[in-house]
Every structure is written in structure tokens, then in C-alpha cells.
file entry23.cif (mmCIF, C-alpha atoms)
data_data
loop_
_atom_site.label_atom_id
_atom_site.label_comp_id
_atom_site.auth_asym_id
_atom_site.auth_seq_id
_atom_site.Cartn_x
_atom_site.Cartn_y
_atom_site.Cartn_z
CA THR A 1 0.00 0.00 0.00
CA LYS A 2 0.96 3.66 -0.32
CA VAL A 3 1.23 4.00 3.46
CA LYS A 4 3.64 1.07 3.69
CA GLU A 5 5.66 2.42 0.76
CA VAL A 6 6.10 5.85 2.35
CA LEU A 7 6.74 4.30 5.78
CA VAL A 8 9.64 2.29 4.37
CA GLN A 9 11.03 5.39 2.67
CA GLN A 10 10.80 7.25 5.99
CA LYS A 11 12.50 4.38 7.85
CA GLY A 12 9.53 3.58 10.03
CA ASN A 13 8.74 7.15 11.08
CA TRP A 14 4.94 7.38 11.34
CA GLU A 15 4.92 11.15 11.88
CA THR A 16 6.71 11.97 8.63
CA THR A 17 4.73 9.28 6.81
CA PHE A 18 1.43 10.89 7.80
CA TYR A 19 2.81 14.35 6.97
CA GLN A 20 3.71 13.31 3.43
CA LEU A 21 0.44 11.47 2.80
CA LEU A 22 -1.59 14.38 4.13
CA ALA A 23 0.33 16.85 1.96
CA ALA A 24 -0.32 14.80 -1.17
CA ASN A 25 -4.04 14.69 -0.32
CA PHE A 26 -4.11 18.49 -0.08
CA GLY A 27 -3.33 18.53 -3.79
CA PHE A 28 -6.72 16.89 -4.43
CA LYS A 29 -5.42 14.82 -7.36
CA ILE A 30 -4.58 17.61 -9.80
CA ASN A 31 -1.83 19.04 -7.58
CA ALA A 32 -1.03 15.90 -5.61
CA LEU A 33 2.43 15.54 -7.19
CA PRO A 34 3.77 19.04 -6.38
CA PHE A 35 2.33 18.78 -2.87
CA GLU A 36 4.10 15.44 -2.42
CA LEU A 37 7.36 16.90 -3.73
CA LEU A 38 6.94 19.89 -1.44
CA ALA A 39 6.63 17.66 1.63
CA LYS A 40 9.71 15.70 0.57
CA SER A 41 11.68 18.93 0.09
CA LEU A 42 10.63 20.32 3.49
CA PRO A 43 11.43 17.88 6.32
CA LEU A 44 8.84 17.77 9.07
CA SER A 45 11.67 18.15 11.58
CA ILE A 46 12.41 21.63 10.20
CA LEU A 47 8.75 22.63 9.88
CA SER A 48 8.08 21.53 13.46
CA LYS A 49 10.74 23.89 14.81
CA HIS A 50 8.76 26.85 13.44
CA LYS A 51 5.16 25.65 13.91
CA THR A 52 4.44 28.18 16.63
CA SER A 53 4.86 31.02 14.11
CA LEU A 54 2.25 31.07 11.34
CA LEU A 55 4.37 33.52 9.34
CA GLN A 56 7.40 31.24 9.41
CA THR A 57 5.28 28.17 8.67
CA GLU A 58 3.76 29.91 5.65
CA ALA A 59 7.17 31.19 4.57
CA LEU A 60 8.64 27.68 4.60
CA ILE A 61 5.69 26.15 2.75
CA PHE A 62 5.20 28.87 0.13
CA GLY A 63 8.96 29.24 -0.30
CA GLN A 64 9.56 25.53 -0.83
CA ALA A 65 6.60 25.49 -3.20
CA GLY A 66 8.41 28.02 -5.38
CA PHE A 67 6.02 30.93 -4.89
CA LEU A 68 8.32 33.41 -3.17
CA ALA A 69 10.73 34.27 -5.98
CA ASP A 70 8.55 36.87 -7.73
CA GLU A 71 8.66 40.66 -7.57
CA ILE A 72 5.45 41.44 -5.68
CA THR A 73 5.18 44.48 -3.45
CA ASP A 74 2.48 43.33 -0.99
CA PRO A 75 3.79 43.81 2.57
CA TYR A 76 2.62 40.29 3.44
CA TYR A 77 4.43 38.80 0.46
CA LEU A 78 7.62 40.72 1.27
CA ALA A 79 7.46 39.55 4.89
CA LEU A 80 7.14 35.91 3.75
CA GLN A 81 9.96 36.39 1.27
CA LYS A 82 12.26 37.85 3.94
CA GLU A 83 11.53 35.02 6.38
CA TYR A 84 12.00 32.38 3.73
CA LEU A 85 15.35 33.71 2.48
CA PHE A 86 16.70 33.54 6.03
CA LEU A 87 15.33 30.04 6.70
CA GLN A 88 16.36 28.77 3.27
CA GLN A 89 19.97 29.71 3.94
CA LYS A 90 19.84 28.40 7.50
CA TYR A 91 18.65 24.95 6.45
CA ASN A 92 20.09 24.84 2.92
CA LEU A 93 16.64 24.28 1.41
CA HIS A 94 15.98 23.77 -2.29
CA PRO A 95 12.46 24.71 -3.50
CA ILE A 96 10.53 22.78 -6.11
CA GLU A 97 9.71 24.39 -9.45
CA LYS A 98 6.74 26.74 -9.45
CA TYR A 99 5.60 25.59 -12.91
CA LEU A 100 4.57 22.22 -11.44
CA TRP A 101 1.51 23.80 -9.82
CA LYS A 102 -1.67 23.77 -11.89
CA PHE A 103 -4.27 26.56 -11.83
CA LEU A 104 -6.00 25.92 -15.17
CA ARG A 105 -9.66 24.85 -14.97
CA LEU A 106 -9.64 25.01 -11.18
CA ARG A 107 -12.13 27.02 -9.17
CA PRO A 108 -10.36 29.82 -7.29
CA SER A 109 -11.14 28.10 -3.97
CA ASN A 110 -9.07 25.13 -5.22
CA PHE A 111 -6.09 27.19 -6.40
CA PRO A 112 -2.84 25.70 -5.07
CA THR A 113 -2.05 28.99 -3.32
CA VAL A 114 -5.25 28.64 -1.27
CA ARG A 115 -4.56 24.97 -0.52
CA LEU A 116 -1.00 25.83 0.54
CA ALA A 117 -2.33 28.54 2.88
CA GLN A 118 -4.78 26.02 4.38
CA PHE A 119 -2.05 23.42 4.75
CA ALA A 120 0.22 25.94 6.47
CA ALA A 121 -2.58 26.92 8.86
CA LEU A 122 -3.22 23.24 9.64
CA MET A 123 0.46 22.59 10.36
CA HIS A 124 0.55 25.68 12.58
CA GLN A 125 -2.63 25.00 14.56
CA ARG A 126 -2.19 21.25 15.05
CA ASN A 127 1.16 20.88 16.81
CA ARG A 128 0.65 17.25 17.85
CA PHE A 129 -1.51 16.24 14.92
CA LEU A 130 -0.77 12.52 14.69
CA ALA A 131 -0.85 11.96 18.46
CA GLU A 132 -4.18 13.79 18.73
CA MET A 133 -5.63 11.71 15.92
CA ILE A 134 -4.51 8.39 17.42
CA GLN A 135 -5.70 9.36 20.90
CA GLN A 136 -9.06 10.63 19.63
CA GLU A 137 -11.61 8.13 20.94
CA ASN A 138 -14.74 9.41 19.24
CA SER A 139 -14.51 8.79 15.51
CA LYS A 140 -17.56 11.00 14.94
CA HIS A 141 -15.54 14.05 16.00
CA MET A 142 -12.48 13.33 13.88
CA ASP A 143 -13.41 16.06 11.41
CA ALA A 144 -12.88 18.63 14.19
CA SER A 145 -9.13 18.29 13.55
CA PHE A 146 -9.63 19.90 10.14
CA THR A 147 -12.49 22.33 10.62
CA GLY A 148 -11.92 25.85 11.89
CA ILE A 149 -8.52 26.06 10.23
CA ASN A 150 -7.97 29.73 9.36
CA PRO A 151 -5.17 30.88 7.04
CA SER A 152 -3.67 34.36 7.46
CA ALA A 153 -6.06 37.29 7.11
CA TYR A 154 -4.37 38.10 3.78
CA TRP A 155 -6.13 35.16 2.17
CA LEU A 156 -9.55 36.48 3.10
CA GLU A 157 -9.24 38.86 0.13
CA HIS A 158 -6.83 36.91 -2.08
CA TYR A 159 -6.72 33.69 -4.06
CA GLN A 160 -3.24 34.44 -5.42
CA PHE A 161 -0.40 36.70 -4.35
CA GLY A 162 -0.81 40.30 -5.44
CA LYS A 163 -4.38 39.96 -6.74
CA THR A 164 -7.16 41.31 -4.52
CA SER A 165 -10.59 39.65 -4.58
CA LYS A 166 -13.91 39.91 -2.75
CA PRO A 167 -13.68 38.76 0.88
CA VAL A 168 -14.30 35.01 1.15
CA ALA A 169 -13.28 32.79 4.07
CA LYS A 170 -10.70 30.22 3.02
CA THR A 171 -11.48 27.55 5.60
CA LEU A 172 -11.65 23.93 4.46
CA GLY A 173 -15.11 23.03 3.16
CA SER A 174 -17.00 19.96 4.37
CA SER A 175 -16.39 18.06 1.11
CA SER A 176 -12.64 18.71 1.38
CA VAL A 177 -12.59 17.53 4.99
CA GLU A 178 -14.51 14.38 4.04
CA ASN A 179 -12.05 13.75 1.20
CA ILE A 180 -9.10 14.00 3.60
CA LEU A 181 -10.76 11.74 6.16
CA ILE A 182 -11.58 9.10 3.56
CA ASN A 183 -8.39 9.13 1.51
CA THR A 184 -5.74 9.87 4.14
CA VAL A 185 -6.90 9.57 7.75
CA THR A 186 -8.78 6.25 7.55
CA VAL A 187 -6.21 4.67 5.24
CA PHE A 188 -3.41 5.73 7.56
CA LEU A 189 -5.16 4.66 10.76
CA PHE A 190 -5.99 1.23 9.33
CA ALA A 191 -2.38 0.74 8.19
CA TYR A 192 -1.08 1.98 11.55
CA GLY A 193 -3.39 -0.40 13.40
CA THR A 194 -2.43 -3.32 11.18
CA GLU A 195 1.30 -2.70 11.52
CA ASN A 196 1.09 -2.26 15.30
CA GLN A 197 -1.60 -4.92 15.89
CA ASP A 198 -3.87 -2.23 17.28
CA ASP A 199 -7.52 -3.12 16.67
CA THR A 200 -8.63 0.18 18.22
CA GLN A 201 -7.14 2.16 15.34
CA ARG A 202 -8.45 -0.22 12.69
CA ASN A 203 -11.95 -0.10 14.13
CA LYS A 204 -11.75 3.67 14.38
CA ALA A 205 -10.89 3.88 10.69
CA LEU A 206 -13.92 1.76 9.80
CA GLN A 207 -16.18 3.78 12.10
CA ILE A 208 -15.08 7.02 10.45
CA LEU A 209 -16.04 5.62 7.05
CA GLU A 210 -19.39 4.40 8.36
CA ASN A 211 -20.16 7.88 9.71
CA LEU A 212 -19.33 9.69 6.46
CA PRO A 213 -21.64 9.99 3.43
CA CYS A 214 -20.78 7.98 0.36
CA GLU A 215 -18.57 9.59 -2.23
CA ASN A 216 -20.12 11.18 -5.27
CA ASN A 217 -18.28 10.03 -8.38
CA PHE A 218 -18.96 8.15 -11.59
CA ILE A 219 -17.91 4.81 -10.09
CA ILE A 220 -20.47 5.00 -7.30
CA SER A 221 -23.10 6.46 -9.62
CA ASN A 222 -22.79 3.43 -11.89
CA PHE A 223 -23.20 1.02 -8.98
CA ILE A 224 -26.28 2.92 -7.76
CA THR A 225 -27.72 2.82 -11.28
CA ALA A 226 -27.18 -0.94 -11.24
CA GLY A 227 -29.41 -1.13 -8.17
CA LEU A 228 -26.98 -1.19 -5.24
CA ASN A 229 -27.74 0.68 -2.00
CA VAL A 230 -24.74 2.85 -1.13
CA ASN A 231 -25.30 4.80 2.08
CA SER A 232 -21.87 5.49 3.57
CA ALA A 233 -18.22 6.05 2.69
CA ALA A 234 -17.57 2.52 3.97
CA ASN A 235 -19.83 1.20 1.20
CA SER A 236 -18.38 3.47 -1.48
CA GLN A 237 -14.77 2.64 -0.56
CA ALA A 238 -15.56 -1.07 -0.70
CA LEU A 239 -17.15 -0.66 -4.14
CA ILE A 240 -14.21 1.35 -5.46
CA GLU A 241 -11.89 -1.44 -4.32
CA LEU A 242 -14.22 -4.00 -5.89
CA LYS A 243 -14.12 -2.10 -9.19
CA ASN A 244 -10.32 -1.93 -9.13
CA GLU A 245 -9.84 -5.58 -8.27
CA PHE A 246 -12.73 -7.24 -10.12
CA CYS A 247 -14.48 -5.00 -12.67
CA ASP A 248 -11.31 -3.56 -14.18
CA LYS A 249 -9.75 -7.02 -14.35
CA LYS A 250 -12.88 -8.61 -15.90
CA ARG A 251 -13.29 -11.00 -12.95
CA CYS A 252 -17.11 -10.80 -13.06
CA LEU A 253 -17.67 -14.51 -12.45
CA GLU A 254 -15.55 -14.37 -9.27
CA CYS A 255 -17.65 -11.52 -7.89
CA ALA A 256 -21.02 -12.02 -6.17
CA ILE A 257 -22.38 -8.76 -7.56
CA GLY A 258 -21.09 -9.42 -11.06
CA HIS A 259 -22.45 -12.96 -10.96
CA LYS A 260 -25.88 -11.71 -9.92
CA LEU A 261 -25.91 -9.04 -12.63
CA LEU A 262 -25.07 -11.64 -15.24
CA LYS A 263 -28.15 -13.61 -14.20
CA THR A 264 -30.47 -10.57 -14.03
CA ASN A 265 -33.00 -10.33 -16.84
CA ASP A 266 -32.43 -6.56 -17.09
CA TYR A 267 -29.00 -7.12 -18.53
CA ALA A 268 -27.83 -8.94 -21.60
CA ALA A 269 -25.09 -11.20 -20.26
CA ALA A 270 -22.72 -10.51 -23.11
CA ASP A 271 -23.12 -6.72 -22.92
CA ILE A 272 -22.84 -5.98 -19.20
CA ASN A 273 -20.41 -3.13 -18.71
CA LEU A 274 -20.81 -0.94 -15.66
CA PHE A 275 -17.73 1.08 -16.53
#
call {"tool": "encode", "arguments": {"input": "entry23.cif", "output": "C-alpha cells"}}
result
Amino acid sequence: TKVKEVLVQQKGNWETTFYQLLAANFGFKINALPFELLAKSLPLSILSKHKTSLLQTEALIFGQAGFLADEITDPYYLALQKEYLFLQQKYNLHPIEKYLWKFLRLRPSNFPTVRLAQFAALMHQRNRFLAEMIQQENSKHMDASFTGINPSAYWLEHYQFGKTSKPVAKTLGSSSVENILINTVTVFLFAYGTENQDDTQRNKALQILENLPCENNFIISNFITAGLNVNSAANSQALIELKNEFCDKKRCLECAIGHKLLKTNDYAAADINLF
């Protein structure tokens, strides 16, 4: 799995493993790669030393993302730039290329600059993030770790550096929080529980999925159209895995759902194709 792969790369360090997986998720697919590269270029050990200062946290993240090399005269931008230049020299940091970040066809609220500001705020406000998540007993309240995250006031009226916009809060929306819980938190907790023989964490991961609504994508839509009842993220995640392991590999006869569909009068056996 991806968790195991990153864990091996990080020599068994669960903190840095979660940090890198969470960063990649903040890219929400289209910017997952630059976010992943950013996390690899900015060690958590360095970021942790400056977590108490939002300005320094933002400077490290935006600087390593390649966004602080432009000539922009905003006082906030100049303050970030000054902080980053000092920290870059102190830690001998090498930023990733700015061109890797994609803005095209994205809603402004999904611009990488906004996601980076949210990620910086999260890193700043959650000093013991992994420990809090593991110690959290009530899976229903897990989303509280991601809600109420407020980037710097600058981002209230900006989506990009140097371009003013109408005031809009840049907190993480409910769909973004659900995405992070489904694709990072539960996957990580289940892997952590499996590796450490901790049923509490594995059960917590499953409970989180059961308490979240099912995902809304073409895969789930096709299963619903075929007559399946999908009422939670636990169901939708199971069906996505089923699609990957059975539908995509044409293993219909090995699958209870596929076998039933083949026998259903509503479908012509030779023409069944959910995807």
C-alpha cells in the first residue's frame, strides 16, 4: 500500500509518513504531485521547529513550493519572502519548481495557493496532529481536527499573491474535509493499526467511514444505477476497491455482484459493462 511504501522510505517514522500522505491529499489529485514533492523537500523536523509562528510556517511552505521568488510588493508577500530567504539559507533548502503547480480549470477556492495557505494553517494550529488523531476516541468528531482552520487574514481577500478579490473565508469546506478523512486519515489509521496490531485504530478507521456519506463520483453512480444501495463512505470505498480488483480485471464470475448481474434479466449477459 501507499502507506507502507512511504513508511519504508521514511525508515519507520509514522509522523513523517502521515505528513507526506496528508500533503499529497491536499493537492486533491490535480496538484497531488507538487504537494508530495513539497513535503519531501521540506522535512517535518524543520517545519516543526517553526510551527508556533504562522508567518514562518507559511514562509517555509510557500517558499519551498516556489512561490516566493517573484517581484510582488504586498507587505505580506515581502514579509514571507524575507523570512524564507533567512530560513532557506539556514537549512540549505531547495524549493521545487513553481511551474509544477496547476491553476488551469480550477475554481479559485481550489487554487494551489489557497490549498497551501490552508495546509500551512493546519500545520501551525495542530502541533501534535498525529498523536491527537490516534488518541481521539470518538470517531464521529475526527473532522474537528480539520475544521476551523484559518489561514492568514491576507487570504480572506486573495486567491493568489498580489491579486485582490472579494472577501471570502478560506477555511476547508466539508467536502474537502470528508475527502481528507476518507483518503488519508482512515487509510493511515488502518495501516497503523495493522502494523502495530492495534484493533482500536483499525476499528476507528472503519467507524469514520461508516459515519461519512458515500462519495459522489462516476464509479459510485454506476453502482447505484445498477441497483446497489450505497449509504456510507464505507460502502463506497468497498465498491471502489471492488471495481479496481474485479471490474477492471474482468473477474465478473468471481464476484457475487457481477455474478448476480449476469443472471439478471435486465442485462444482456454478453453486454454488461458498468464502466
call {"tool": "resolve_selection", "arguments": {"input": "entry23.cif", "expression": "the PyMOL selection byres ((chain A and resi 112-117) around 6)", "output": "PyMOL selection string"}}
result
chain A and resi 111+118-120+151+159-160
call {"tool": "closest_residue", "arguments": {"input": "entry23.cif", "among": "A:Ser176, A:Asn150, A:Thr164, A:Asn222", "to": "A:Lys29", "atoms": "only C-alpha atoms"}}
result
A:Ser176
call {"tool": "resolve_selection", "arguments": {"input": "entry23.cif", "expression": "the PyMOL selection byres ((chain A and resi 51-59) around 7)", "output": "ChimeraX atom specification"}}
result
/A:47-50,60-63,80-81,83-84,117,120-121,123-124,127
call {"tool": "resolve_selection", "arguments": {"input": "entry23.cif", "expression": "the PyMOL selection byres ((chain A and resi 186) around 10)", "output": "NGL selection string"}}
result
:A and (180-185 or 187-192 or 201-209)
call {"tool": "residues_near_point", "arguments": {"input": "entry23.cif", "point": "(9.1, 14.9, 2.0)", "cutoff": "10 Å", "atoms": "all atoms listed in the file", "output": "list in words"}}
result
Val6, Gln9, Gln10, Thr16, Thr17, Tyr19, Gln20, Leu21, Ala23, Ala24, Phe35, Glu36, Leu37, Leu38, Ala39, Lys40, Ser41, Leu42, Pro43 and Leu44 of chain A
call {"tool": "atom_distance", "arguments": {"input": "entry23.cif", "atom1": "atom CA of A:Arg105", "atom2": "atom CA of A:Leu156"}}
result
21.5 Å
call {"tool": "atom_distance", "arguments": {"input": "entry23.cif", "atom1": "atom CA of A:Gly258", "atom2": "atom CA of A:Glu178"}}
result
28.9 Å
call {"tool": "decode", "arguments": {"input": "entry23.cif", "residues": "stretch 227-266 of chain A", "atoms": "N, CA and C atoms", "output": "PDB file, in the first residue's frame"}}
result
ATOM      1  N   GLY A 227     -28.471  -0.670  -9.179  1.00  0.00           N
ATOM      2  CA  GLY A 227     -29.406  -1.134  -8.166  1.00  0.00           C
ATOM      3  C   GLY A 227     -28.837  -1.351  -6.780  1.00  0.00           C
ATOM      4  N   LEU A 228     -27.568  -0.989  -6.558  1.00  0.00           N
ATOM      5  CA  LEU A 228     -26.976  -1.192  -5.236  1.00  0.00           C
ATOM      6  C   LEU A 228     -27.313  -0.034  -4.306  1.00  0.00           C
ATOM      7  N   ASN A 229     -27.471  -0.334  -3.027  1.00  0.00           N
ATOM      8  CA  ASN A 229     -27.744   0.681  -2.003  1.00  0.00           C
ATOM      9  C   ASN A 229     -26.420   1.107  -1.385  1.00  0.00           C
ATOM     10  N   VAL A 230     -26.017   2.340  -1.635  1.00  0.00           N
ATOM     11  CA  VAL A 230     -24.744   2.847  -1.132  1.00  0.00           C
ATOM     12  C   VAL A 230     -25.045   4.003  -0.180  1.00  0.00           C
ATOM     13  N   ASN A 231     -24.878   3.781   1.120  1.00  0.00           N
ATOM     14  CA  ASN A 231     -25.305   4.796   2.084  1.00  0.00           C
ATOM     15  C   ASN A 231     -24.208   5.340   3.001  1.00  0.00           C
ATOM     16  N   SER A 232     -22.960   4.951   2.759  1.00  0.00           N
ATOM     17  CA  SER A 232     -21.871   5.492   3.573  1.00  0.00           C
ATOM     18  C   SER A 232     -20.561   5.403   2.805  1.00  0.00           C
ATOM     19  N   ALA A 233     -19.547   6.099   3.316  1.00  0.00           N
ATOM     20  CA  ALA A 233     -18.223   6.049   2.691  1.00  0.00           C
ATOM     21  C   ALA A 233     -17.628   4.651   2.813  1.00  0.00           C
ATOM     22  N   ALA A 234     -18.043   3.902   3.837  1.00  0.00           N
ATOM     23  CA  ALA A 234     -17.567   2.524   3.972  1.00  0.00           C
ATOM     24  C   ALA A 234     -18.031   1.706   2.768  1.00  0.00           C
ATOM     25  N   ASN A 235     -19.291   1.906   2.378  1.00  0.00           N
ATOM     26  CA  ASN A 235     -19.827   1.204   1.198  1.00  0.00           C
ATOM     27  C   ASN A 235     -19.101   1.645  -0.068  1.00  0.00           C
ATOM     28  N   SER A 236     -18.959   2.955  -0.232  1.00  0.00           N
ATOM     29  CA  SER A 236     -18.376   3.465  -1.477  1.00  0.00           C
ATOM     30  C   SER A 236     -16.909   3.064  -1.614  1.00  0.00           C
ATOM     31  N   GLN A 237     -16.176   3.063  -0.507  1.00  0.00           N
ATOM     32  CA  GLN A 237     -14.775   2.644  -0.560  1.00  0.00           C
ATOM     33  C   GLN A 237     -14.661   1.166  -0.920  1.00  0.00           C
ATOM     34  N   ALA A 238     -15.558   0.361  -0.382  1.00  0.00           N
ATOM     35  CA  ALA A 238     -15.562  -1.074  -0.698  1.00  0.00           C
ATOM     36  C   ALA A 238     -15.859  -1.293  -2.183  1.00  0.00           C
ATOM     37  N   LEU A 239     -16.789  -0.512  -2.732  1.00  0.00           N
ATOM     38  CA  LEU A 239     -17.154  -0.662  -4.145  1.00  0.00           C
ATOM     39  C   LEU A 239     -16.046  -0.172  -5.076  1.00  0.00           C
ATOM     40  N   ILE A 240     -15.340   0.867  -4.666  1.00  0.00           N
ATOM     41  CA  ILE A 240     -14.210   1.349  -5.464  1.00  0.00           C
ATOM     42  C   ILE A 240     -13.122   0.279  -5.511  1.00  0.00           C
ATOM     43  N   GLU A 241     -12.879  -0.366  -4.368  1.00  0.00           N
ATOM     44  CA  GLU A 241     -11.891  -1.441  -4.320  1.00  0.00           C
ATOM     45  C   GLU A 241     -12.364  -2.625  -5.164  1.00  0.00           C
ATOM     46  N   LEU A 242     -13.657  -2.910  -5.094  1.00  0.00           N
ATOM     47  CA  LEU A 242     -14.215  -3.996  -5.891  1.00  0.00           C
ATOM     48  C   LEU A 242     -14.038  -3.714  -7.382  1.00  0.00           C
ATOM     49  N   LYS A 243     -14.300  -2.469  -7.784  1.00  0.00           N
ATOM     50  CA  LYS A 243     -14.120  -2.097  -9.192  1.00  0.00           C
ATOM     51  C   LYS A 243     -12.672  -2.296  -9.629  1.00  0.00           C
ATOM     52  N   ASN A 244     -11.738  -1.839  -8.776  1.00  0.00           N
ATOM     53  CA  ASN A 244     -10.320  -1.933  -9.127  1.00  0.00           C
ATOM     54  C   ASN A 244      -9.843  -3.370  -9.242  1.00  0.00           C
ATOM     55  N   GLU A 245     -10.341  -4.216  -8.327  1.00  0.00           N
ATOM     56  CA  GLU A 245      -9.835  -5.582  -8.266  1.00  0.00           C
ATOM     57  C   GLU A 245     -10.632  -6.594  -9.100  1.00  0.00           C
ATOM     58  N   PHE A 246     -11.903  -6.283  -9.381  1.00  0.00           N
ATOM     59  CA  PHE A 246     -12.730  -7.237 -10.117  1.00  0.00           C
ATOM     60  C   PHE A 246     -13.234  -6.680 -11.455  1.00  0.00           C
ATOM     61  N   CYS A 247     -13.917  -5.541 -11.427  1.00  0.00           N
ATOM     62  CA  CYS A 247     -14.481  -4.997 -12.669  1.00  0.00           C
ATOM     63  C   CYS A 247     -13.386  -4.699 -13.696  1.00  0.00           C
ATOM     64  N   ASP A 248     -12.367  -3.953 -13.254  1.00  0.00           N
ATOM     65  CA  ASP A 248     -11.305  -3.557 -14.181  1.00  0.00           C
ATOM     66  C   ASP A 248     -10.526  -4.751 -14.708  1.00  0.00           C
ATOM     67  N   LYS A 249     -10.509  -5.838 -13.956  1.00  0.00           N
ATOM     68  CA  LYS A 249      -9.751  -7.021 -14.351  1.00  0.00           C
ATOM     69  C   LYS A 249     -10.659  -8.101 -14.960  1.00  0.00           C
ATOM     70  N   LYS A 250     -11.920  -7.712 -15.247  1.00  0.00           N
ATOM     71  CA  LYS A 250     -12.877  -8.612 -15.899  1.00  0.00           C
ATOM     72  C   LYS A 250     -13.080  -9.920 -15.124  1.00  0.00           C
ATOM     73  N   ARG A 251     -13.113  -9.816 -13.796  1.00  0.00           N
ATOM     74  CA  ARG A 251     -13.288 -11.002 -12.952  1.00  0.00           C
ATOM     75  C   ARG A 251     -14.753 -11.103 -12.477  1.00  0.00           C
ATOM     76  N   CYS A 252     -15.681 -10.847 -13.390  1.00  0.00           N
ATOM     77  CA  CYS A 252     -17.111 -10.802 -13.057  1.00  0.00           C
ATOM     78  C   CYS A 252     -17.612 -12.097 -12.420  1.00  0.00           C
ATOM     79  N   LEU A 253     -17.174 -13.234 -12.938  1.00  0.00           N
ATOM     80  CA  LEU A 253     -17.673 -14.511 -12.450  1.00  0.00           C
ATOM     81  C   LEU A 253     -17.151 -14.847 -11.064  1.00  0.00           C
ATOM     82  N   GLU A 254     -16.091 -14.152 -10.622  1.00  0.00           N
ATOM     83  CA  GLU A 254     -15.547 -14.368  -9.275  1.00  0.00           C
ATOM     84  C   GLU A 254     -16.177 -13.427  -8.257  1.00  0.00           C
ATOM     85  N   CYS A 255     -17.056 -12.550  -8.737  1.00  0.00           N
ATOM     86  CA  CYS A 255     -17.646 -11.518  -7.885  1.00  0.00           C
ATOM     87  C   CYS A 255     -19.138 -11.791  -7.699  1.00  0.00           C
ATOM     88  N   ALA A 256     -19.610 -11.730  -6.444  1.00  0.00           N
ATOM     89  CA  ALA A 256     -21.023 -12.017  -6.167  1.00  0.00           C
ATOM     90  C   ALA A 256     -21.943 -11.028  -6.873  1.00  0.00           C
ATOM     91  N   ILE A 257     -21.548  -9.774  -6.905  1.00  0.00           N
ATOM     92  CA  ILE A 257     -22.375  -8.756  -7.562  1.00  0.00           C
ATOM     93  C   ILE A 257     -22.373  -8.973  -9.070  1.00  0.00           C
ATOM     94  N   GLY A 258     -21.197  -9.189  -9.624  1.00  0.00           N
ATOM     95  CA  GLY A 258     -21.094  -9.425 -11.061  1.00  0.00           C
ATOM     96  C   GLY A 258     -21.855 -10.675 -11.473  1.00  0.00           C
ATOM     97  N   HIS A 259     -21.755 -11.715 -10.654  1.00  0.00           N
ATOM     98  CA  HIS A 259     -22.446 -12.964 -10.957  1.00  0.00           C
ATOM     99  C   HIS A 259     -23.958 -12.762 -10.960  1.00  0.00           C
ATOM    100  N   LYS A 260     -24.448 -11.977  -9.997  1.00  0.00           N
ATOM    101  CA  LYS A 260     -25.881 -11.712  -9.924  1.00  0.00           C
ATOM    102  C   LYS A 260     -26.348 -10.888 -11.110  1.00  0.00           C
ATOM    103  N   LEU A 261     -25.544  -9.882 -11.494  1.00  0.00           N
ATOM    104  CA  LEU A 261     -25.913  -9.044 -12.633  1.00  0.00           C
ATOM    105  C   LEU A 261     -25.978  -9.861 -13.920  1.00  0.00           C
ATOM    106  N   LEU A 262     -25.079 -10.801 -14.050  1.00  0.00           N
ATOM    107  CA  LEU A 262     -25.066 -11.644 -15.243  1.00  0.00           C
ATOM    108  C   LEU A 262     -26.340 -12.482 -15.352  1.00  0.00           C
ATOM    109  N   LYS A 263     -26.938 -12.772 -14.209  1.00  0.00           N
ATOM    110  CA  LYS A 263     -28.150 -13.606 -14.201  1.00  0.00           C
ATOM    111  C   LYS A 263     -29.431 -12.782 -14.215  1.00  0.00           C
ATOM    112  N   THR A 264     -29.287 -11.445 -14.077  1.00  0.00           N
ATOM    113  CA  THR A 264     -30.467 -10.575 -14.028  1.00  0.00           C
ATOM    114  C   THR A 264     -31.049 -10.375 -15.421  1.00  0.00           C
ATOM    115  N   ASN A 265     -32.351 -10.470 -15.541  1.00  0.00           N
ATOM    116  CA  ASN A 265     -33.000 -10.331 -16.840  1.00  0.00           C
ATOM    117  C   ASN A 265     -32.828  -8.945 -17.447  1.00  0.00           C
ATOM    118  N   ASP A 266     -32.548  -7.937 -16.593  1.00  0.00           N
ATOM    119  CA  ASP A 266     -32.432  -6.562 -17.095  1.00  0.00           C
ATOM    120  C   ASP A 266     -31.159  -6.341 -17.895  1.00  0.00           C
TER     121      ASP A 266
END
